[in-house]
Amino acid sequence: MKNPLIIANWKMKLAPQEAIDLAKKVKKASTKYKGAEVVLCPSFTELAEVGKIIDATGLKLGAQDCFWEEQGAFTGEISPKILQEYGVETVIIGHSERRTSLLETSQMIHKKARLVLSLGMRPVVCVGESFDERQEGLKDSIIIRQVHDALNGIWLNKMDSLVVAYEPIWVIGSGQDCDPEEIEHTHQVIRQALYDLFTEQVVDEQVKIIYGGSVDPENVSNYLSHATVHGVLIGTASWDATTFSAVVAGAIKP
Ligand code: PEP
């Protein structure tokens with residue numbers, strides 16, 4: 001894949017100083033990241049500091065979530081408008097950990113995606129099936145429904161861009177590889193679901209479909225060798241600068 005999108009999801013894994021140290025190390029290594037678009041998503045509390053560290057590098061700042069209103073009495077929530085003021089351009093939405101642990105609904109995910117786009121930022125809408133759903137043969141229908149629920153009725157303006165991340169829940173954090181042929185198939189399913197909602201031109205030019213689930217330095221080039229895989233969303237392998245740089249190297253290798 002030319003210019004793969006690589007999103008590092010630091011989750012709630014790093015203490016403040018660990019996140020700062022990691023950002024500094026990634027910044028140092030980033031001179032070798034040419035040919036990839038790399039987005040770092042720290043915790044909200046480290047956004048400002050990490051933003052300063054990566055300022056004027058090719059690295060971009062992302063967030064792991066946001067609220068669906070710009071402003072108001074929503075104790076504990078983070079407005080995407082505030083994220084934008086911190087330099088965030090990309091916001092992960094509907095991660096399976098939030099769908100499962102925080103009971104985030106498709107309606108919430110839809111509202112978040114809509115607001116993020118309206119502010120000129122790029123949502124990364126996560127979709128994916130559980131192990132049981134896969135065993136029951138429901139994978140494709142679940143994915144199509146998730147794409148439709150998140151994006152139906154949303155309009156993409158000319159300058160907007162959108163990312164859909166296919167993340168099989170049973171692979172996340174497991175260390176397991178996913179069959180690249182299966183990823184390829186599921187990305188085609190996602191693309192078809194997107195064609196139900198947007199014109200072919202919009203999908204082809206403004207939407208990226210990326211894969212997430214135990215991506216590591218060994219499997220990344222295999223995944224990205226498929227034309228339908230435009231990038232990767234990385235958890236575990238992004239929490240160590242050396243491992244993360246090895247993933248980026250694997251992603252951009254000719
Ligand atoms: C994730 O949580 O989005 C993820 C892909 O995690 P991991 O790389 O650890 O599977």
# chains A, B, ... in the order shown; residues from 1 in each chain; ligands from 1
>>> residues_near_ligand(ligand="ligand 1", cutoff="9 Å", atoms="only C-alpha atoms and all ligand atoms", output="JSON, numbers by chain")
{"A": [7, 8, 9, 10, 11, 95, 96, 97, 126, 165, 167, 168, 169, 170, 171, 172, 173, 174, 175, 176, 211, 212, 213, 214, 215, 216, 232, 233, 234, 235, 236, 237, 238]}
>>> write_last_selection(atoms="C-alpha atoms", output="tab-separated table (two decimals), in the first residue's frame")
chain	number	residue	atom	x	y	z
A	7	ILE	CA	-2.63	4.72	13.91
A	8	ALA	CA	-1.10	4.05	17.33
A	9	ASN	CA	-3.73	3.47	20.01
A	10	TRP	CA	-1.97	3.89	23.36
A	11	LYS	CA	-5.24	3.03	25.16
A	95	HIS	CA	-13.68	0.96	19.53
A	96	SER	CA	-14.90	-2.51	20.56
A	97	GLU	CA	-13.56	-1.95	24.08
A	126	CYS	CA	-14.19	0.81	14.35
A	165	ALA	CA	-11.14	0.22	10.90
A	167	GLU	CA	-10.98	-4.96	14.03
A	168	PRO	CA	-12.09	-8.54	14.74
A	169	ILE	CA	-12.68	-8.43	18.49
A	170	TRP	CA	-11.30	-11.93	19.03
A	171	VAL	CA	-7.93	-10.93	17.52
A	172	ILE	CA	-7.42	-7.67	19.44
A	173	GLY	CA	-4.70	-8.08	22.06
A	174	SER	CA	-4.52	-11.82	21.43
A	175	GLY	CA	-1.20	-12.03	19.59
A	176	GLN	CA	-2.98	-14.09	16.91
A	211	TYR	CA	-7.11	-3.30	9.73
A	212	GLY	CA	-6.48	-3.68	13.45
A	213	GLY	CA	-5.84	-6.74	15.59
A	214	SER	CA	-2.47	-7.87	16.91
A	215	VAL	CA	-0.59	-6.20	14.07
A	216	ASP	CA	3.14	-6.64	14.66
A	232	VAL	CA	-3.34	-0.45	10.31
A	233	LEU	CA	-4.62	0.40	13.78
A	234	ILE	CA	-2.14	-0.77	16.37
A	235	GLY	CA	-2.51	-1.30	20.11
A	236	THR	CA	0.08	-3.49	21.80
A	237	ALA	CA	2.85	-3.03	19.23
A	238	SER	CA	2.60	0.76	19.57
>>> closest_atom_pairs(of="segment 58-171 of chain A", to="segment 38-48 of chain A", cutoff="8 Å", atoms="only C-alpha atoms", output="tab-separated table")
residue	atom	partner	partner_atom	distance
A:Gly58	CA	A:Val38	CA	7.7
A:Leu59	CA	A:Val38	CA	5.5
A:Lys60	CA	A:Val39	CA	4.5
A:Leu61	CA	A:Leu40	CA	5.2
A:Gly62	CA	A:Cys41	CA	4.4
A:Ala63	CA	A:Cys41	CA	4.8
A:Gln64	CA	A:Cys41	CA	5.9
A:Tyr86	CA	A:Ala48	CA	6.0
A:Thr90	CA	A:Val39	CA	7.8
>>> atom_distance(atom1="atom CA of Ala227 of chain A", atom2="atom CA of Val127 of chain A")
19.2 Å
>>> residues_around(residues="segment 186-190 of chain A", least_positions_apart="4", cutoff="8 Å", atoms="only C-alpha atoms", output="PyMOL selection string")
chain A and resi 140+143-144+147+166+182+194+209+228-229
>>> write_last_selection(atoms="all heavy atoms", output="PDB file, in the first residue's frame")
ATOM      1  N   ASP A 140     -20.251 -11.066   8.383  1.00  0.00           N
ATOM      2  CA  ASP A 140     -20.490 -10.059   7.344  1.00  0.00           C
ATOM      3  C   ASP A 140     -21.720  -9.207   7.663  1.00  0.00           C
ATOM      4  O   ASP A 140     -21.689  -7.985   7.501  1.00  0.00           O
ATOM      5  CB  ASP A 140     -20.657 -10.716   5.967  1.00  0.00           C
ATOM      6  CG  ASP A 140     -19.336 -11.299   5.459  1.00  0.00           C
ATOM      7  OD1 ASP A 140     -18.314 -11.166   6.163  1.00  0.00           O
ATOM      8  OD2 ASP A 140     -19.340 -11.886   4.359  1.00  0.00           O
ATOM      9  N   ILE A 143     -20.946  -6.687  10.387  1.00  0.00           N
ATOM     10  CA  ILE A 143     -20.082  -5.600   9.906  1.00  0.00           C
ATOM     11  C   ILE A 143     -20.889  -4.615   9.043  1.00  0.00           C
ATOM     12  O   ILE A 143     -20.766  -3.401   9.202  1.00  0.00           O
ATOM     13  CB  ILE A 143     -18.917  -6.179   9.049  1.00  0.00           C
ATOM     14  CG1 ILE A 143     -18.130  -7.218   9.832  1.00  0.00           C
ATOM     15  CG2 ILE A 143     -18.035  -5.076   8.480  1.00  0.00           C
ATOM     16  CD1 ILE A 143     -17.025  -6.766  10.651  1.00  0.00           C
ATOM     17  N   ILE A 144     -21.717  -5.160   8.166  1.00  0.00           N
ATOM     18  CA  ILE A 144     -22.523  -4.282   7.303  1.00  0.00           C
ATOM     19  C   ILE A 144     -23.438  -3.417   8.170  1.00  0.00           C
ATOM     20  O   ILE A 144     -23.549  -2.205   7.971  1.00  0.00           O
ATOM     21  CB  ILE A 144     -23.359  -5.121   6.296  1.00  0.00           C
ATOM     22  CG1 ILE A 144     -22.431  -5.810   5.298  1.00  0.00           C
ATOM     23  CG2 ILE A 144     -24.385  -4.246   5.563  1.00  0.00           C
ATOM     24  CD1 ILE A 144     -23.090  -6.916   4.480  1.00  0.00           C
ATOM     25  N   VAL A 147     -21.443  -0.634   9.894  1.00  0.00           N
ATOM     26  CA  VAL A 147     -21.085   0.454   8.962  1.00  0.00           C
ATOM     27  C   VAL A 147     -22.319   1.312   8.683  1.00  0.00           C
ATOM     28  O   VAL A 147     -22.268   2.547   8.761  1.00  0.00           O
ATOM     29  CB  VAL A 147     -20.500  -0.116   7.641  1.00  0.00           C
ATOM     30  CG1 VAL A 147     -20.342   0.977   6.596  1.00  0.00           C
ATOM     31  CG2 VAL A 147     -19.167  -0.808   7.901  1.00  0.00           C
ATOM     32  N   TYR A 166     -11.422  -2.126  10.420  1.00  0.00           N
ATOM     33  CA  TYR A 166     -11.951  -3.468  10.687  1.00  0.00           C
ATOM     34  C   TYR A 166     -11.089  -4.118  11.768  1.00  0.00           C
ATOM     35  O   TYR A 166      -9.895  -4.348  11.577  1.00  0.00           O
ATOM     36  CB  TYR A 166     -11.940  -4.322   9.416  1.00  0.00           C
ATOM     37  CG  TYR A 166     -12.240  -5.777   9.734  1.00  0.00           C
ATOM     38  CD1 TYR A 166     -13.366  -6.114  10.486  1.00  0.00           C
ATOM     39  CD2 TYR A 166     -11.389  -6.801   9.326  1.00  0.00           C
ATOM     40  CE1 TYR A 166     -13.640  -7.435  10.813  1.00  0.00           C
ATOM     41  CE2 TYR A 166     -11.663  -8.131   9.647  1.00  0.00           C
ATOM     42  CZ  TYR A 166     -12.789  -8.434  10.397  1.00  0.00           C
ATOM     43  OH  TYR A 166     -13.054  -9.734  10.744  1.00  0.00           O
ATOM     44  N   GLU A 182      -9.019 -13.431   4.633  1.00  0.00           N
ATOM     45  CA  GLU A 182     -10.263 -13.104   5.330  1.00  0.00           C
ATOM     46  C   GLU A 182     -10.379 -11.586   5.520  1.00  0.00           C
ATOM     47  O   GLU A 182     -11.463 -11.002   5.393  1.00  0.00           O
ATOM     48  CB  GLU A 182     -10.278 -13.819   6.685  1.00  0.00           C
ATOM     49  CG  GLU A 182     -11.649 -13.826   7.300  1.00  0.00           C
ATOM     50  CD  GLU A 182     -11.722 -14.647   8.569  1.00  0.00           C
ATOM     51  OE1 GLU A 182     -10.996 -15.658   8.690  1.00  0.00           O
ATOM     52  OE2 GLU A 182     -12.516 -14.262   9.449  1.00  0.00           O
ATOM     53  N   LEU A 194     -20.191   0.637   2.214  1.00  0.00           N
ATOM     54  CA  LEU A 194     -19.982   2.083   2.049  1.00  0.00           C
ATOM     55  C   LEU A 194     -20.605   2.575   0.741  1.00  0.00           C
ATOM     56  O   LEU A 194     -21.133   3.692   0.676  1.00  0.00           O
ATOM     57  CB  LEU A 194     -18.484   2.403   2.069  1.00  0.00           C
ATOM     58  CG  LEU A 194     -17.805   2.247   3.443  1.00  0.00           C
ATOM     59  CD1 LEU A 194     -16.289   2.223   3.294  1.00  0.00           C
ATOM     60  CD2 LEU A 194     -18.227   3.375   4.386  1.00  0.00           C
ATOM     61  N   ILE A 209      -9.904   2.192   4.456  1.00  0.00           N
ATOM     62  CA  ILE A 209     -10.315   1.043   5.271  1.00  0.00           C
ATOM     63  C   ILE A 209      -9.039   0.394   5.797  1.00  0.00           C
ATOM     64  O   ILE A 209      -8.163   0.001   5.008  1.00  0.00           O
ATOM     65  CB  ILE A 209     -11.144   0.035   4.438  1.00  0.00           C
ATOM     66  CG1 ILE A 209     -12.323   0.749   3.758  1.00  0.00           C
ATOM     67  CG2 ILE A 209     -11.647  -1.104   5.329  1.00  0.00           C
ATOM     68  CD1 ILE A 209     -13.097  -0.122   2.773  1.00  0.00           C
ATOM     69  N   THR A 228      -6.746  -3.739  -0.694  1.00  0.00           N
ATOM     70  CA  THR A 228      -7.918  -3.225   0.026  1.00  0.00           C
ATOM     71  C   THR A 228      -7.574  -2.775   1.449  1.00  0.00           C
ATOM     72  O   THR A 228      -8.427  -2.238   2.136  1.00  0.00           O
ATOM     73  CB  THR A 228      -9.003  -4.314   0.134  1.00  0.00           C
ATOM     74  OG1 THR A 228      -8.410  -5.466   0.742  1.00  0.00           O
ATOM     75  CG2 THR A 228      -9.584  -4.681  -1.207  1.00  0.00           C
ATOM     76  N   VAL A 229      -6.349  -3.031   1.882  1.00  0.00           N
ATOM     77  CA  VAL A 229      -5.955  -2.658   3.251  1.00  0.00           C
ATOM     78  C   VAL A 229      -5.111  -1.374   3.168  1.00  0.00           C
ATOM     79  O   VAL A 229      -3.980  -1.388   2.709  1.00  0.00           O
ATOM     80  CB  VAL A 229      -5.162  -3.804   3.934  1.00  0.00           C
ATOM     81  CG1 VAL A 229      -4.827  -3.436   5.380  1.00  0.00           C
ATOM     82  CG2 VAL A 229      -5.958  -5.109   3.881  1.00  0.00           C
TER      83      VAL A 229
END
>>> closest_residue(among="A:Ala249, A:Leu151, A:Val164, A:Leu22", to="Val207 of chain A", atoms="only C-alpha atoms")
A:Val164
>>> closest_residue(among="A:Glu49, A:Glu184, A:Glu133, A:Asp65", to="Gly94 of chain A", atoms="only C-alpha atoms")
A:Asp65
>>> closest_residue(among="A:Glu85, A:Glu136, A:Asp204, A:Glu77", to="Ser161 of chain A", atoms="only C-alpha atoms")
A:Asp204
>>> select_by_dssp(residues="segment 146-242 of chain A", states="helix (DSSP H, G or I)", output="ChimeraX atom specification")
/A:146-151,180-195,200-206,220-224,236-238,241-242
>>> residues_around(residues="segment 78-82 of chain A", least_positions_apart="5", cutoff="6 Å", atoms="only C-alpha atoms", output="number ranges by chain")
A: 66-67, 70
>>> residues_around(residues="Leu117 of chain A", least_positions_apart="6", cutoff="10 Å", atoms="only C-alpha atoms", output="ChimeraX atom specification")
/A:80,90-91,123,154-157,159-162
>>> write_last_selection(atoms="C-alpha atoms", output="mmCIF file, in the first residue's frame")
data_model
loop_
_atom_site.group_PDB
_atom_site.id
_atom_site.type_symbol
_atom_site.label_atom_id
_atom_site.label_comp_id
_atom_site.auth_asym_id
_atom_site.auth_seq_id
_atom_site.Cartn_x
_atom_site.Cartn_y
_atom_site.Cartn_z
ATOM 1 C CA PRO A 80 -14.204 17.135 19.967
ATOM 2 C CA THR A 90 -8.152 12.102 13.869
ATOM 3 C CA VAL A 91 -10.543 10.586 16.414
ATOM 4 C CA PRO A 123 -13.296 9.860 12.408
ATOM 5 C CA ILE A 154 -23.960 11.312 6.971
ATOM 6 C CA TRP A 155 -22.769 13.416 4.088
ATOM 7 C CA LEU A 156 -19.088 13.665 3.178
ATOM 8 C CA ASN A 157 -18.096 17.072 1.850
ATOM 9 C CA MET A 159 -12.596 18.014 1.955
ATOM 10 C CA ASP A 160 -13.829 15.382 4.447
ATOM 11 C CA SER A 161 -12.077 12.127 5.025
ATOM 12 C CA LEU A 162 -13.204 9.073 6.871
#
>>> atom_distance(atom1="atom CA of Val125 of chain A", atom2="atom CA of Lys139 of chain A")
16.8 Å
>>> select_by_dssp(residues="segment 22-233 of chain A", states="strand (DSSP E)", output="ChimeraX atom specification")
/A:37-41,60-63,88-93,122-127,162-166,207-212,231-233
>>> write_last_selection(atoms="N, CA, C and O atoms", output="CSV table (one decimal), in the first residue's frame")
chain,number,residue,atom,x,y,z
A,37,GLU,N,1.7,7.6,6.9
A,37,GLU,CA,1.1,8.7,7.7
A,37,GLU,C,0.9,8.1,9.1
A,37,GLU,O,0.2,7.1,9.2
A,38,VAL,N,1.6,8.6,10.0
A,38,VAL,CA,1.6,8.0,11.4
A,38,VAL,C,0.8,9.0,12.4
A,38,VAL,O,1.2,10.2,12.5
A,39,VAL,N,-0.1,8.4,13.1
A,39,VAL,CA,-1.0,9.2,14.0
A,39,VAL,C,-0.8,8.5,15.4
A,39,VAL,O,-1.0,7.3,15.6
A,40,LEU,N,-0.5,9.4,16.4
A,40,LEU,CA,-0.4,8.9,17.8
A,40,LEU,C,-1.6,9.3,18.6
A,40,LEU,O,-2.0,10.5,18.6
A,41,CYS,N,-2.2,8.3,19.3
A,41,CYS,CA,-3.4,8.6,20.1
A,41,CYS,C,-3.1,8.3,21.5
A,41,CYS,O,-3.3,7.2,22.0
A,60,LYS,N,1.2,12.9,13.4
A,60,LYS,CA,0.0,13.6,13.7
A,60,LYS,C,-0.6,13.1,15.0
A,60,LYS,O,-0.3,12.0,15.5
A,61,LEU,N,-1.5,14.0,15.6
A,61,LEU,CA,-2.1,13.7,16.8
A,61,LEU,C,-3.5,13.2,16.7
A,61,LEU,O,-4.3,13.8,15.9
A,62,GLY,N,-3.8,12.2,17.4
A,62,GLY,CA,-5.2,11.6,17.4
A,62,GLY,C,-5.7,11.4,18.8
A,62,GLY,O,-5.0,11.5,19.8
A,63,ALA,N,-7.0,11.2,18.9
A,63,ALA,CA,-7.6,10.9,20.2
A,63,ALA,C,-8.3,9.6,20.1
A,63,ALA,O,-8.7,9.1,19.1
A,88,VAL,N,-5.7,17.9,17.6
A,88,VAL,CA,-6.1,16.6,17.2
A,88,VAL,C,-6.8,16.7,15.8
A,88,VAL,O,-7.6,17.5,15.5
A,89,GLU,N,-6.4,15.7,14.9
A,89,GLU,CA,-7.0,15.7,13.5
A,89,GLU,C,-7.9,14.5,13.3
A,89,GLU,O,-8.7,14.4,12.4
A,90,THR,N,-7.6,13.4,14.1
A,90,THR,CA,-8.2,12.1,13.9
A,90,THR,C,-8.7,11.6,15.2
A,90,THR,O,-8.0,11.7,16.2
A,91,VAL,N,-9.9,11.1,15.2
A,91,VAL,CA,-10.5,10.6,16.4
A,91,VAL,C,-11.1,9.2,16.2
A,91,VAL,O,-11.9,8.9,15.3
A,92,ILE,N,-10.6,8.3,17.0
A,92,ILE,CA,-11.1,6.9,17.0
A,92,ILE,C,-12.5,6.9,17.7
A,92,ILE,O,-12.7,7.5,18.7
A,93,ILE,N,-13.4,6.2,17.0
A,93,ILE,CA,-14.8,6.2,17.5
A,93,ILE,C,-15.3,4.7,17.4
A,93,ILE,O,-15.1,4.0,16.5
A,122,ARG,N,-11.2,13.9,11.2
A,122,ARG,CA,-11.4,12.6,10.6
A,122,ARG,C,-11.7,11.5,11.6
A,122,ARG,O,-10.9,11.1,12.4
A,123,PRO,N,-13.0,11.0,11.5
A,123,PRO,CA,-13.3,9.9,12.4
A,123,PRO,C,-12.7,8.5,11.9
A,123,PRO,O,-12.7,8.3,10.7
A,124,VAL,N,-12.3,7.7,12.9
A,124,VAL,CA,-11.9,6.3,12.6
A,124,VAL,C,-13.0,5.4,13.2
A,124,VAL,O,-13.0,5.2,14.4
A,125,VAL,N,-13.9,5.0,12.4
A,125,VAL,CA,-15.1,4.2,12.9
A,125,VAL,C,-14.6,2.7,13.0
A,125,VAL,O,-14.3,2.1,11.9
A,126,CYS,N,-14.6,2.2,14.2
A,126,CYS,CA,-14.2,0.8,14.4
A,126,CYS,C,-15.4,-0.1,14.2
A,126,CYS,O,-16.4,0.1,14.8
A,127,VAL,N,-15.2,-1.2,13.5
A,127,VAL,CA,-16.2,-2.2,13.3
A,127,VAL,C,-15.5,-3.6,13.5
A,127,VAL,O,-14.3,-3.7,13.3
A,162,LEU,N,-12.6,10.0,5.9
A,162,LEU,CA,-13.2,9.1,6.9
A,162,LEU,C,-12.4,7.8,6.8
A,162,LEU,O,-11.8,7.4,5.8
A,163,VAL,N,-12.2,7.2,8.0
A,163,VAL,CA,-11.5,5.9,8.1
A,163,VAL,C,-12.5,4.9,8.7
A,163,VAL,O,-13.2,5.2,9.7
A,164,VAL,N,-12.6,3.7,8.1
A,164,VAL,CA,-13.3,2.6,8.8
A,164,VAL,C,-12.2,1.6,9.2
A,164,VAL,O,-11.4,1.2,8.3
A,165,ALA,N,-12.1,1.2,10.4
A,165,ALA,CA,-11.1,0.2,10.9
A,165,ALA,C,-11.8,-1.1,11.2
A,165,ALA,O,-12.7,-1.2,12.0
A,166,TYR,N,-11.4,-2.1,10.4
A,166,TYR,CA,-12.0,-3.5,10.7
A,166,TYR,C,-11.1,-4.1,11.8
A,166,TYR,O,-9.9,-4.3,11.6
A,207,VAL,N,-12.3,7.8,1.6
A,207,VAL,CA,-12.5,6.8,2.7
A,207,VAL,C,-11.3,5.8,2.6
A,207,VAL,O,-11.0,5.3,1.6
A,208,LYS,N,-10.7,5.6,3.8
A,208,LYS,CA,-9.7,4.5,3.9
A,208,LYS,C,-10.3,3.4,4.8
A,208,LYS,O,-11.0,3.7,5.8
A,209,ILE,N,-9.9,2.2,4.5
A,209,ILE,CA,-10.3,1.0,5.3
A,209,ILE,C,-9.0,0.4,5.8
A,209,ILE,O,-8.2,0.0,5.0
A,210,ILE,N,-8.9,0.4,7.1
A,210,ILE,CA,-7.7,-0.1,7.7
A,210,ILE,C,-8.0,-1.4,8.6
A,210,ILE,O,-9.2,-1.6,8.9
A,211,TYR,N,-6.9,-2.1,8.9
A,211,TYR,CA,-7.1,-3.3,9.7
A,211,TYR,C,-6.4,-3.1,11.1
A,211,TYR,O,-5.4,-2.6,11.2
A,212,GLY,N,-7.1,-3.7,12.1
A,212,GLY,CA,-6.5,-3.7,13.5
A,212,GLY,C,-6.7,-5.0,14.1
A,212,GLY,O,-7.8,-5.6,14.0
A,231,GLY,N,-4.2,0.6,5.7
A,231,GLY,CA,-3.4,1.0,6.8
A,231,GLY,C,-3.7,0.1,8.0
A,231,GLY,O,-4.4,-0.9,7.8
A,232,VAL,N,-3.2,0.4,9.1
A,232,VAL,CA,-3.3,-0.4,10.3
A,232,VAL,C,-3.6,0.4,11.6
A,232,VAL,O,-3.1,1.5,11.7
A,233,LEU,N,-4.4,-0.2,12.5
A,233,LEU,CA,-4.6,0.4,13.8
A,233,LEU,C,-3.9,-0.5,14.8
A,233,LEU,O,-4.2,-1.7,14.8
>>> closest_residue(among="A:Arg145, A:Gly35, A:Gln192, A:Thr57", to="Ala23 of chain A", atoms="only C-alpha atoms")
A:Thr57
